[in-house]
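**Q** Handing over run-v6.cif, mmCIF, C-alpha atoms and all ligand atoms.
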```cif
data_data
#
loop_
_atom_site.label_atom_id
_atom_site.label_comp_id
_atom_site.auth_asym_id
_atom_site.auth_seq_id
_atom_site.Cartn_x
_atom_site.Cartn_y
_atom_site.Cartn_z
CA MET A 8 -35.99 54.00 -33.58
CA LYS A 9 -32.61 52.32 -33.31
CA ILE A 10 -31.50 49.87 -35.98
CA ALA A 11 -28.52 47.52 -35.79
CA ILE A 12 -26.51 45.97 -38.63
CA PRO A 13 -23.59 43.59 -38.19
CA VAL A 14 -20.63 45.22 -39.96
CA ASN A 15 -17.03 44.35 -40.72
CA GLU A 16 -15.29 47.54 -39.69
CA ASN A 17 -15.55 50.43 -37.31
CA ASP A 18 -15.80 52.87 -40.22
CA VAL A 19 -18.54 54.61 -42.22
CA LYS A 20 -17.36 52.89 -45.40
CA THR A 21 -17.79 49.46 -43.90
CA THR A 22 -19.87 46.60 -45.29
CA VAL A 23 -22.41 44.16 -43.88
CA CYS A 24 -20.83 41.22 -42.03
CA PRO A 25 -22.22 37.79 -42.98
CA SER A 26 -22.15 36.62 -39.35
CA PHE A 27 -24.48 37.99 -36.71
CA GLY A 28 -23.13 36.57 -33.45
CA ARG A 29 -19.48 36.80 -34.42
CA THR A 30 -19.52 40.09 -36.26
CA PRO A 31 -16.73 42.39 -35.04
CA TYR A 32 -19.02 45.48 -34.82
CA PHE A 33 -22.61 46.53 -34.96
CA LEU A 34 -23.59 49.70 -36.70
CA ILE A 35 -26.32 51.36 -34.65
CA TYR A 36 -28.39 53.83 -36.64
CA ASN A 37 -30.89 56.13 -35.05
CA THR A 38 -33.70 56.94 -37.51
CA GLU A 39 -34.79 60.04 -35.59
CA THR A 40 -31.44 61.73 -35.14
CA ARG A 41 -29.92 60.07 -38.25
CA GLU A 42 -26.83 59.36 -36.24
CA SER A 43 -24.65 56.28 -36.65
CA SER A 44 -22.43 54.79 -34.03
CA PHE A 45 -20.39 51.61 -33.82
CA LEU A 46 -20.71 49.05 -31.10
CA ASN A 47 -17.88 46.65 -30.42
CA ASN A 48 -19.32 43.12 -30.36
CA SER A 49 -17.69 41.57 -27.32
CA ALA A 50 -19.55 38.33 -28.03
CA ALA A 51 -17.35 37.69 -31.09
CA ALA A 52 -14.60 36.29 -28.89
CA SER A 53 -16.76 34.04 -26.70
CA GLN A 54 -16.45 30.24 -26.84
CA GLY A 55 -20.10 29.56 -27.28
CA GLY A 56 -23.44 31.28 -27.21
CA ALA A 57 -22.05 34.25 -29.15
CA GLY A 58 -25.39 34.84 -30.82
CA ILE A 59 -27.21 34.96 -27.48
CA LEU A 60 -24.77 37.47 -26.03
CA ALA A 61 -24.74 39.63 -29.17
CA ALA A 62 -28.53 39.68 -29.20
CA GLN A 63 -28.63 40.56 -25.52
CA THR A 64 -26.27 43.47 -26.15
CA LEU A 65 -28.53 44.85 -28.87
CA VAL A 66 -31.61 44.46 -26.70
CA ASP A 67 -29.83 46.36 -23.94
CA GLN A 68 -29.11 49.13 -26.43
CA GLN A 69 -32.87 49.36 -27.06
CA VAL A 70 -32.45 48.40 -30.67
CA GLU A 71 -35.84 47.78 -32.28
CA SER A 72 -34.86 46.36 -35.67
CA VAL A 73 -31.93 44.29 -36.86
CA LEU A 74 -30.88 44.09 -40.51
CA THR A 75 -28.75 41.02 -41.10
CA PRO A 76 -28.03 38.45 -43.81
CA ARG A 77 -28.64 35.60 -41.35
CA CYS A 78 -29.22 34.89 -37.71
CA GLY A 79 -28.93 31.76 -35.60
CA LYS A 80 -31.93 30.36 -33.82
CA ASN A 81 -30.80 31.20 -30.30
CA ALA A 82 -30.04 34.79 -31.17
CA ALA A 83 -33.34 35.06 -33.03
CA ASP A 84 -35.14 33.72 -29.95
CA VAL A 85 -33.60 36.43 -27.78
CA LEU A 86 -34.44 39.14 -30.28
CA GLN A 87 -37.97 37.91 -30.79
CA ALA A 88 -38.57 37.66 -27.06
CA ALA A 89 -37.59 41.31 -26.87
CA GLN A 90 -39.88 42.05 -29.85
CA VAL A 91 -36.95 43.18 -31.97
CA LYS A 92 -37.79 42.81 -35.65
CA LEU A 93 -35.45 40.99 -37.98
CA TYR A 94 -34.98 41.95 -41.62
CA ARG A 95 -32.85 40.40 -44.28
CA THR A 96 -30.18 42.61 -45.84
CA MET A 97 -30.38 42.93 -49.64
CA ASN A 98 -26.64 43.29 -50.34
CA ASP A 99 -23.54 44.24 -48.38
CA SER A 100 -23.91 48.01 -48.71
CA ILE A 101 -24.90 49.79 -45.51
CA GLU A 102 -26.45 52.69 -47.36
CA ASP A 103 -28.59 50.55 -49.68
CA ASN A 104 -29.94 48.63 -46.75
CA LEU A 105 -30.73 51.66 -44.63
CA THR A 106 -32.50 53.32 -47.55
CA ALA A 107 -34.44 50.17 -48.35
CA PHE A 108 -35.36 49.70 -44.69
CA GLN A 109 -36.75 53.20 -44.43
CA ALA A 110 -38.70 52.69 -47.63
CA LYS A 111 -40.08 49.50 -46.02
CA ALA A 112 -38.58 47.52 -48.89
CA LEU A 113 -36.68 44.94 -46.84
CA SER A 114 -38.30 41.60 -46.25
CA PRO A 115 -38.39 39.94 -42.83
CA LEU A 116 -35.69 37.37 -42.20
CA ALA A 117 -37.65 34.22 -42.85
CA GLU A 118 -35.62 31.09 -42.40
CA ILE A 119 -35.52 30.98 -38.63
CA HIS A 120 -37.73 28.51 -36.87
CA PRO A 121 -40.18 30.35 -34.69
CA GLY A 122 -41.07 29.42 -31.16
CA PHE A 123 -39.18 29.02 -27.95
CA HIS A 124 -37.92 25.85 -26.44
CA ASN A 125 -38.69 25.55 -22.83
CA HIS A 126 -37.04 28.62 -21.42
CA GLY A 127 -36.67 29.34 -17.77
CA GLY A 128 -39.28 30.88 -15.57
CA LYS A 129 -42.82 29.94 -16.34
CA MET B 9 -4.60 -0.71 -14.94
CA LYS B 10 -6.20 1.74 -17.35
CA ILE B 11 -5.06 2.07 -20.95
CA ALA B 12 -6.41 4.76 -23.25
CA VAL B 13 -6.34 4.49 -27.03
CA LEU B 14 -6.19 7.78 -28.90
CA SER B 15 -5.92 9.18 -32.38
CA GLY B 16 -6.01 12.63 -33.88
CA LYS B 17 -9.01 11.86 -36.06
CA GLY B 18 -11.59 9.17 -36.65
CA GLY B 19 -10.94 6.22 -38.94
CA THR B 20 -7.32 5.79 -37.91
CA GLY B 21 -7.90 2.42 -36.29
CA LYS B 22 -8.49 3.50 -32.71
CA THR B 23 -11.50 1.24 -32.28
CA LEU B 24 -9.75 -1.66 -34.05
CA VAL B 25 -6.84 -1.39 -31.62
CA SER B 26 -8.84 -0.94 -28.43
CA VAL B 27 -11.38 -3.66 -29.25
CA ASN B 28 -8.65 -6.16 -30.08
CA LEU B 29 -6.44 -5.34 -27.12
CA ALA B 30 -9.45 -5.95 -24.87
CA SER B 31 -10.22 -9.19 -26.71
CA VAL B 32 -6.79 -10.68 -26.07
CA ALA B 33 -6.61 -9.57 -22.41
CA ASP B 34 -7.98 -11.45 -19.40
CA THR B 35 -11.25 -10.36 -17.83
CA CYS B 36 -11.36 -6.65 -18.57
CA SER B 37 -13.50 -3.64 -19.34
CA TYR B 38 -13.81 -1.90 -22.66
CA MET B 39 -15.14 1.65 -22.40
CA ASP B 40 -16.33 3.34 -25.55
CA CYS B 41 -15.90 7.03 -24.78
CA ASP B 42 -16.47 8.12 -28.36
CA VAL B 43 -19.93 9.23 -27.24
CA GLU B 44 -20.83 11.00 -30.45
CA GLU B 45 -20.29 7.91 -32.52
CA PRO B 46 -19.71 4.85 -30.38
CA ASN B 47 -19.13 1.73 -32.47
CA GLY B 48 -17.18 -0.67 -30.27
CA ASN B 49 -20.41 -2.49 -29.46
CA PHE B 50 -20.95 -3.32 -33.15
CA PHE B 51 -17.86 -5.50 -32.81
CA PHE B 52 -18.48 -6.93 -29.37
CA LYS B 53 -22.25 -7.41 -29.77
CA PRO B 54 -22.56 -7.56 -25.97
CA LYS B 55 -25.18 -9.66 -24.20
CA GLU B 56 -27.19 -9.00 -21.03
CA VAL B 57 -27.08 -5.31 -21.76
CA LYS B 58 -28.27 -2.99 -19.03
CA GLU B 59 -29.18 0.55 -19.87
CA LYS B 60 -29.09 3.67 -17.76
CA LYS B 61 -29.85 7.30 -18.49
CA VAL B 62 -27.33 10.01 -17.79
CA SER B 63 -28.63 13.40 -16.83
CA VAL B 64 -27.27 16.77 -15.87
CA CYS B 65 -28.77 19.60 -13.86
CA ILE B 66 -30.23 22.58 -15.68
CA PRO B 67 -31.16 25.75 -13.83
CA VAL B 68 -34.76 26.86 -13.51
CA PHE B 69 -35.57 30.48 -12.74
CA ASP B 70 -38.30 31.72 -10.43
CA ASN B 71 -39.62 35.04 -11.76
CA THR B 72 -41.36 35.89 -8.54
CA LYS B 73 -38.04 35.95 -6.69
CA CYS B 74 -35.76 37.32 -9.42
CA THR B 75 -34.94 41.01 -9.07
CA GLY B 76 -33.17 41.28 -12.40
CA CYS B 77 -29.72 41.97 -11.00
CA ARG B 78 -28.27 39.98 -13.94
CA LYS B 79 -25.48 38.49 -11.88
CA CYS B 80 -26.28 35.09 -13.37
CA VAL B 81 -26.34 36.38 -16.97
CA ASP B 82 -23.00 38.16 -16.59
CA PHE B 83 -21.46 35.16 -14.89
CA CYS B 84 -22.41 32.47 -17.39
CA LYS B 85 -19.33 32.15 -19.55
CA PHE B 86 -21.19 29.93 -22.01
CA ASN B 87 -23.77 32.67 -22.66
CA ALA B 88 -26.59 30.28 -21.93
CA LEU B 89 -28.62 33.02 -20.25
CA ALA B 90 -30.24 36.20 -21.46
CA TYR B 91 -32.28 38.77 -19.57
CA ILE B 92 -35.18 39.99 -21.65
CA LYS B 93 -38.26 41.88 -20.55
CA ASP B 94 -37.93 41.28 -16.84
CA ARG B 95 -37.04 37.65 -16.90
CA VAL B 96 -34.13 35.30 -17.35
CA PHE B 97 -34.21 33.05 -20.42
CA ILE B 98 -32.14 29.91 -20.50
CA PHE B 99 -30.86 28.13 -23.58
CA GLU B 100 -30.67 24.61 -22.25
CA GLU B 101 -28.62 23.23 -25.11
CA VAL B 102 -25.95 25.86 -24.47
CA CYS B 103 -25.84 25.38 -20.68
CA HIS B 104 -22.86 23.36 -19.42
CA SER B 105 -24.43 22.66 -16.02
CA CYS B 106 -21.61 24.34 -14.15
CA GLY B 107 -24.04 25.24 -11.36
CA GLY B 108 -22.59 28.74 -11.07
CA CYS B 109 -25.81 30.67 -11.56
CA VAL B 110 -27.56 28.54 -8.92
CA LEU B 111 -24.86 29.32 -6.38
CA LEU B 112 -24.49 33.00 -6.93
CA CYS B 113 -28.06 34.21 -7.27
CA PRO B 114 -28.50 36.56 -4.30
CA GLU B 115 -32.28 36.08 -4.33
CA ASP B 116 -32.33 32.31 -4.28
CA ALA B 117 -34.36 32.47 -7.47
CA VAL B 118 -32.52 29.65 -9.25
CA SER B 119 -33.14 25.97 -8.63
CA GLU B 120 -32.24 22.91 -10.71
CA LYS B 121 -33.99 20.24 -12.67
CA LYS B 122 -32.64 17.11 -14.32
CA LYS B 123 -32.22 16.77 -18.04
CA VAL B 124 -31.29 13.54 -19.80
CA ILE B 125 -28.29 14.01 -22.12
CA GLY B 126 -27.51 10.44 -23.05
CA THR B 127 -27.39 6.80 -22.07
CA LEU B 128 -24.91 4.29 -20.73
CA GLU B 129 -25.06 0.64 -21.66
CA ALA B 130 -23.11 -2.18 -20.13
CA GLY B 131 -23.04 -5.77 -21.31
CA VAL B 132 -20.77 -8.77 -21.69
CA SER B 133 -18.93 -10.19 -24.67
CA GLU B 134 -16.94 -13.31 -23.68
CA GLN B 135 -14.49 -12.07 -21.05
CA VAL B 136 -14.96 -8.39 -21.91
CA HIS B 137 -17.34 -6.08 -20.05
CA VAL B 138 -18.45 -3.68 -22.72
CA HIS B 139 -19.44 -0.15 -21.70
CA THR B 140 -20.95 2.21 -24.21
CA GLY B 141 -21.81 5.85 -23.73
CA THR B 142 -24.09 7.58 -26.22
CA MET B 143 -24.78 11.27 -26.25
CA LYS B 144 -28.11 12.58 -27.53
CA THR B 145 -27.69 14.63 -30.66
CA GLY B 146 -27.70 18.35 -30.06
CA GLU B 147 -26.10 18.12 -26.63
CA VAL B 148 -23.01 20.22 -26.06
CA SER B 149 -20.81 17.99 -23.96
CA GLY B 150 -20.39 14.27 -23.45
CA VAL B 151 -18.08 14.80 -20.48
CA PRO B 152 -20.72 13.92 -17.83
CA ILE B 153 -21.40 10.63 -19.67
CA ILE B 154 -17.72 9.72 -19.74
CA LYS B 155 -17.30 10.63 -16.08
CA GLU B 156 -20.14 8.40 -15.06
CA MET B 157 -18.95 5.54 -17.25
CA LEU B 158 -15.38 5.59 -15.96
CA GLU B 159 -16.55 5.73 -12.37
CA ASN B 160 -18.49 2.48 -12.52
CA PRO B 161 -16.69 -0.30 -14.36
CA LEU B 162 -18.36 -3.71 -14.11
CA THR B 163 -15.00 -5.34 -13.56
CA PRO B 164 -13.06 -5.35 -10.28
CA LYS B 165 -10.92 -2.28 -9.69
CA ASP B 166 -7.65 -4.07 -10.47
CA ALA B 167 -8.82 -5.52 -13.80
CA MET B 168 -7.59 -4.04 -17.05
CA THR B 169 -9.62 -1.25 -18.59
CA PHE B 170 -9.31 -0.21 -22.22
CA ILE B 171 -10.62 3.21 -23.07
CA ASP B 172 -11.59 3.93 -26.66
CA CYS B 173 -11.25 7.71 -26.66
CA PRO B 174 -13.11 10.21 -28.78
CA PRO B 175 -11.03 11.37 -31.76
CA GLY B 176 -9.10 14.62 -31.55
CA SER B 177 -7.77 16.40 -28.50
CA ALA B 178 -10.72 18.36 -27.10
CA CYS B 179 -11.73 18.50 -23.45
CA ILE B 180 -13.76 15.32 -23.82
CA VAL B 181 -10.55 13.46 -24.67
CA MET B 182 -8.81 15.00 -21.68
CA GLU B 183 -11.61 13.71 -19.48
CA SER B 184 -11.09 10.24 -20.95
CA ILE B 185 -7.35 10.09 -20.24
CA LYS B 186 -7.24 11.91 -16.88
CA ASP B 187 -6.77 8.81 -14.75
CA VAL B 188 -5.18 6.37 -17.18
CA ASP B 189 -1.84 4.66 -16.64
CA PHE B 190 -0.83 4.53 -20.27
CA CYS B 191 -1.81 6.07 -23.59
CA VAL B 192 -1.64 4.20 -26.89
CA LEU B 193 -1.51 6.53 -29.88
CA VAL B 194 -2.65 5.06 -33.18
CA ALA B 195 -1.08 6.55 -36.30
CA GLU B 196 -1.47 6.16 -40.03
CA PRO B 197 1.58 6.12 -42.31
CA THR B 198 0.92 9.38 -44.12
CA VAL B 199 1.96 12.99 -43.75
CA PHE B 200 -1.59 13.77 -42.70
CA GLY B 201 -1.30 10.94 -40.19
CA VAL B 202 1.72 12.65 -38.67
CA HIS B 203 -0.28 15.81 -38.21
CA ASN B 204 -2.98 13.88 -36.34
CA LEU B 205 -0.40 12.02 -34.31
CA SER B 206 1.32 15.24 -33.26
CA MET B 207 -2.01 16.55 -31.89
CA VAL B 208 -2.49 13.66 -29.49
CA TYR B 209 1.21 13.46 -28.74
CA GLU B 210 1.10 17.08 -27.49
CA LEU B 211 -1.88 16.14 -25.36
CA VAL B 212 -0.26 13.15 -23.64
CA LYS B 213 2.89 15.17 -23.04
CA LEU B 214 0.78 17.88 -21.45
CA PHE B 215 -0.80 15.30 -19.15
CA LYS B 216 2.61 13.67 -18.56
CA LYS B 217 1.18 10.25 -19.42
CA PRO B 218 3.43 7.37 -20.38
CA HIS B 219 2.70 6.59 -24.00
CA GLY B 220 3.63 4.68 -27.11
CA VAL B 221 2.57 4.49 -30.72
CA ILE B 222 0.98 1.70 -32.72
CA LEU B 223 1.60 2.19 -36.42
CA ASN B 224 -1.49 1.10 -38.33
CA LYS B 225 -1.93 0.31 -42.01
CA CYS B 226 1.78 -0.29 -42.49
CA MET B 227 3.08 -0.96 -45.99
CA ASP B 228 6.55 -1.41 -47.38
CA ALA B 229 6.81 2.21 -48.37
CA GLU B 230 8.34 4.87 -46.22
CA ASN B 231 6.33 5.69 -43.08
CA PRO B 232 6.29 9.37 -42.09
CA ALA B 233 4.62 8.48 -38.77
CA GLU B 234 7.47 6.14 -37.94
CA ALA B 235 9.99 8.86 -38.80
CA TYR B 236 8.11 11.21 -36.48
CA CYS B 237 8.29 8.68 -33.63
CA LEU B 238 12.02 8.18 -34.11
CA GLU B 239 12.63 11.90 -34.23
CA HIS B 240 10.65 12.53 -31.03
CA ARG B 241 11.82 9.33 -29.36
CA ILE B 242 8.31 8.00 -28.93
CA PRO B 243 8.33 4.26 -28.24
CA ILE B 244 6.86 2.23 -31.09
CA LEU B 245 4.74 -0.53 -29.59
CA GLY B 246 4.19 -2.37 -32.81
CA ARG B 247 2.88 -2.34 -36.34
CA ILE B 248 -0.38 -3.49 -37.82
CA PRO B 249 0.10 -4.37 -41.47
CA PHE B 250 -2.17 -3.03 -44.18
CA ASP B 251 -3.83 -6.24 -45.19
CA LYS B 252 -6.95 -7.30 -47.03
CA GLU B 253 -8.02 -10.02 -44.63
CA LEU B 254 -7.91 -7.67 -41.67
CA GLY B 255 -9.75 -4.99 -43.61
CA ALA B 256 -12.47 -7.43 -44.66
CA LEU B 257 -13.01 -8.86 -41.16
CA ASN B 258 -12.99 -5.39 -39.67
CA SER B 259 -15.52 -3.99 -42.09
CA ASP B 260 -17.75 -7.02 -41.36
CA ALA B 261 -17.71 -5.85 -37.72
CA LYS B 262 -15.76 -8.98 -36.73
CA ILE B 263 -13.12 -8.87 -34.04
CA VAL B 264 -10.01 -9.92 -35.94
CA SER B 265 -8.19 -11.38 -32.94
CA ARG B 266 -11.17 -13.64 -32.23
CA GLU B 267 -11.35 -14.77 -35.85
CA SER B 268 -7.75 -15.47 -36.65
CA GLU B 269 -4.80 -16.92 -34.77
CA LYS B 270 -2.45 -14.62 -36.63
CA TYR B 271 -4.12 -11.46 -35.36
CA HIS B 272 -4.62 -12.92 -31.92
CA SER B 273 -0.88 -13.25 -31.58
CA LEU B 274 -0.27 -9.84 -33.14
CA PHE B 275 -2.49 -8.08 -30.60
CA SER B 276 -1.21 -10.25 -27.75
CA SER B 277 2.30 -9.13 -28.50
CA LEU B 278 1.14 -5.49 -28.74
CA LEU B 279 -0.43 -5.85 -25.33
CA GLN B 280 2.77 -7.36 -23.96
CA ASN B 281 4.77 -4.47 -25.35
CA ILE B 282 2.41 -2.06 -23.66
CA MET B 283 2.83 -3.89 -20.34
CA LYS B 284 6.58 -3.72 -20.72
CA GLU B 285 6.41 0.02 -21.29
CA VAL B 286 4.13 0.46 -18.28
CA ALA B 287 6.52 -1.53 -16.10
CA GLN B 288 9.40 0.73 -17.00
S1 LIG A 301 -28.87 36.29 -10.23
FE1 LIG A 301 -30.87 35.72 -9.48
S2 LIG A 301 -31.92 37.67 -9.08
FE2 LIG A 301 -30.14 38.13 -10.34
S3 LIG A 301 -30.97 38.08 -12.43
FE3 LIG A 301 -30.17 36.04 -12.01
S4 LIG A 301 -31.96 34.90 -11.25
FE4 LIG A 301 -32.47 37.08 -11.15
S1 LIG A 302 -25.43 26.31 -14.90
FE1 LIG A 302 -23.56 27.37 -15.58
S2 LIG A 302 -23.61 27.10 -17.80
FE2 LIG A 302 -25.66 26.66 -17.09
S3 LIG A 302 -26.75 28.60 -17.21
FE3 LIG A 302 -25.95 28.48 -15.15
S4 LIG A 302 -23.99 29.55 -15.24
FE4 LIG A 302 -24.56 29.07 -17.36
#
```
Mind turning this structure into structure tokens?
**A**
Amino acid sequence: MKIAIPVNENDVKTTVCPSFGRTPYFLIYNTETRESSFLNNSAAASQGGAGILAAQTLVDQQVESVLTPRCGKNAADVLQAAQVKLYRTMNDSIEDNLTAFQAKALSPLAEIHPGFHNHGGK
Amino acid sequence: MKIAVLSGKGGTGKTLVSVNLASVADTCSYMDCDVEEPNGNFFFKPKEVKEKKVSVCIPVFDNTKCTGCRKCVDFCKFNALAYIKDRVFIFEEVCHSCGGCVLLCPEDAVSEKKKVIGTLEAGVSEQVHVHTGTMKTGEVSGVPIIKEMLENPLTPKDAMTFIDCPPGSACIVMESIKDVDFCVLVAEPTVFGVHNLSMVYELVKLFKKPHGVILNKCMDAENPAEAYCLEHRIPILGRIPFDKELGALNSDAKIVSRESEKYHSLFSSLLQNIMKEVAQ
């Protein structure tokens, strides 16, 4: 399973970034291969809808879980529509969070209003 | 003749100036383009108000036709679209109604529906036709409201129009001043006021609009905004003194030039100075 975490730097010693949509990078961790890679978040520079684009990028990467301190409603809608699970990070250490996630000790990110508002299609 | 009144931030006296200039002019239109927080109508208290909804077009996606090529998603520079699990999702409150995705879909899978984003009201207060645009909260852009308002003044085309612009210098302000003949910049006599003035000054220079400054809240002390005008050779159209009577009338939502002869002549002379600048 692939996990994504918004992070501040393109470096193994990096920390969790407080912003989801405008984070400079995502750390992508593969729980099977235990490999980490960094994904440049091109959405960070966009005028608006950064969260939507960032979420789309993660969905396209087949990420199944996102660990983040917070997440805007639009981004959460995209992720939820793609059945990506959202968890709240416990501190800004990547290692702590990955360990806690694998021990199923992270709680779901709660304070996002559920439900979609009138999206396209039918 | 169209005159826009601008300021770098709210509370500078932009509405005071535009409301009173309109009040001392002949038959004219007052357009409140501060669609997020219109308050000109609190002063004018217009009668015979007619209301009209303003709507924009929002794309609607037909899943049965969509092949998932994602051209629309990649195109949308506002990131209003996402492609998830074989269908396009739209975030209506992010969409700017540019119409791009409708045009470029190769499968003809995108059509449009109307969405109300605000209202326009028009009424009369003495000789002033008062137009008010109000944007629904949560909408991204009031530009379509301003466009529609400026297109349909109640007054004849050659009558004066006073445009109370939104504060700041964003694209919504640019929309408000696009077709005006003259820009009045309102400035406060503080260092912070100079900063706000310089923002709108840059904007009117960019648009190559004739302009002048009205110095508001003037006291005897030194006036950094005045110094800025002298330094940049910006015409000073006049000064509004900092005075209790004006403050009291204004905070009672009274139109000072309708209440007091003194202010009537002050704003009349401001208007004359503007006309002189325009004639130059
Ligand atoms: S451009 Fe048309 S066919 Fe392509 S993804 Fe968008 S709606 Fe579907
Ligand atoms: S109309 Fe324009 S802004 Fe709206 S979704 Fe389509 S491309 Fe994006």
**Q** What lies within 8 Å of Ile101 (chain A) using only C-alpha atoms, ignoring chain neighbours under 4 positions off, as a ChimeraX atom specification?
**A** /A:21-23,105
**Q** Which protein, DNA or RNA residues have an atom within 7 Å of ligand LIG 301 (chain A), counting all atoms listed in the file, as a ChimeraX atom specification?
**A** /B:69,73-81,96,109,112-118
**Q** Identify every residue of chain B that has at least one atom within 9 Å of any atom of chain A, counting only C-alpha atoms, and report the result as an mmCIF file with C-alpha atoms, in the coordinates of the input.
**A**
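Output saved as part-v1.cif:
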```
data_model
loop_
_atom_site.group_PDB
_atom_site.id
_atom_site.type_symbol
_atom_site.label_atom_id
_atom_site.label_comp_id
_atom_site.auth_asym_id
_atom_site.auth_seq_id
_atom_site.Cartn_x
_atom_site.Cartn_y
_atom_site.Cartn_z
ATOM 1 C CA PRO B 67 -31.160 25.750 -13.830
ATOM 2 C CA VAL B 68 -34.760 26.860 -13.510
ATOM 3 C CA PHE B 69 -35.570 30.480 -12.740
ATOM 4 C CA ASP B 70 -38.300 31.720 -10.430
ATOM 5 C CA ASN B 71 -39.620 35.040 -11.760
ATOM 6 C CA THR B 72 -41.360 35.890 -8.540
ATOM 7 C CA LYS B 85 -19.330 32.150 -19.550
ATOM 8 C CA PHE B 86 -21.190 29.930 -22.010
ATOM 9 C CA ASN B 87 -23.770 32.670 -22.660
ATOM 10 C CA ALA B 88 -26.590 30.280 -21.930
ATOM 11 C CA LEU B 89 -28.620 33.020 -20.250
ATOM 12 C CA ALA B 90 -30.240 36.200 -21.460
ATOM 13 C CA TYR B 91 -32.280 38.770 -19.570
ATOM 14 C CA ILE B 92 -35.180 39.990 -21.650
ATOM 15 C CA LYS B 93 -38.260 41.880 -20.550
ATOM 16 C CA ARG B 95 -37.040 37.650 -16.900
ATOM 17 C CA VAL B 96 -34.130 35.300 -17.350
ATOM 18 C CA PHE B 97 -34.210 33.050 -20.420
ATOM 19 C CA ILE B 98 -32.140 29.910 -20.500
ATOM 20 C CA PHE B 99 -30.860 28.130 -23.580
ATOM 21 C CA GLU B 100 -30.670 24.610 -22.250
ATOM 22 C CA VAL B 102 -25.950 25.860 -24.470
#
```
**Q** With all atoms listed in the file as the basis for distance, which of A:Ser72, A:Asn17, A:Asn98, A:Ser26 is at the shortest distance from Ser43 (chain A)?
**A**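 Looking at the shortest contact to Ser43 (chain A), the residue is A:Asn17.
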**Q** Mind listing as a VMD selection string all residues within 12 Å of (1.9, -8.5, -30.1), counting only C-alpha atoms?
**A** chain B and resid 25 28 to 29 32 to 33 222 244 to 248 265 269 to 284
**Q** So what do you get for CA of Gly28 (chain A) versus atom FE1 of ligand LIG 302 (chain A), distance-wise?
**A** 20.1 Å
**Q** Using all atoms listed in the file, find the one residue out of A:Gln109, A:Ser114, A:Asn47, A:Thr40 that sits nearest to Tyr94 (chain A).
**A** A:Ser114
**Q** Excluding Cys191 (chain B) and residues on its chain fewer than 2 positions from it, collect all residues at most 12 Å away from it, counting only C-alpha atoms, and give them as a ChimeraX atom specification.
**A** /B:9-15,22,26,169-173,181-182,184-189,193-194,208-209,211-213,215-222,242-243,245,282-283,285-286
**Q** Distance CA of Lys165 (chain B)-CA of Cys36 (chain B), one decimal place?
**A**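 Here the two named atoms are 9.9 Å from each other.
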**Q** With only C-alpha atoms as the atoms that count, which of B:Gly21, B:Pro164, B:Val27, B:Ala195 lies nearest to Ile263 (chain B)?
**A** B:Val27
**Q** Enter the distance from atom FE2 of ligand LIG 302 (chain A) to CA of Gly150 (chain B), in Å, rounded to one decimal.
**A**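 About the pair atom FE2 of ligand LIG 302 (chain A) and CA of Gly150 (chain B): they are 14.9 Å apart.
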**Q** Give me, as an MDAnalysis selection string, all polymer residues having an atom no more than 10 Å from Ile154 (chain B), counting all atoms listed in the file and skipping those fewer than 6 positions away in the same chain.
**A** chainID B and resid 39:43 62 128 140:143 173 180:181 183:184
**Q** Given the choices A:Val70, A:Pro13, A:Thr96, A:Val19, which gets closest to Ala51 (chain A) if the distance is worked out from all atoms listed in the file?
**A**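 Looking at the shortest contact to Ala51 (chain A), the residue is A:Pro13.
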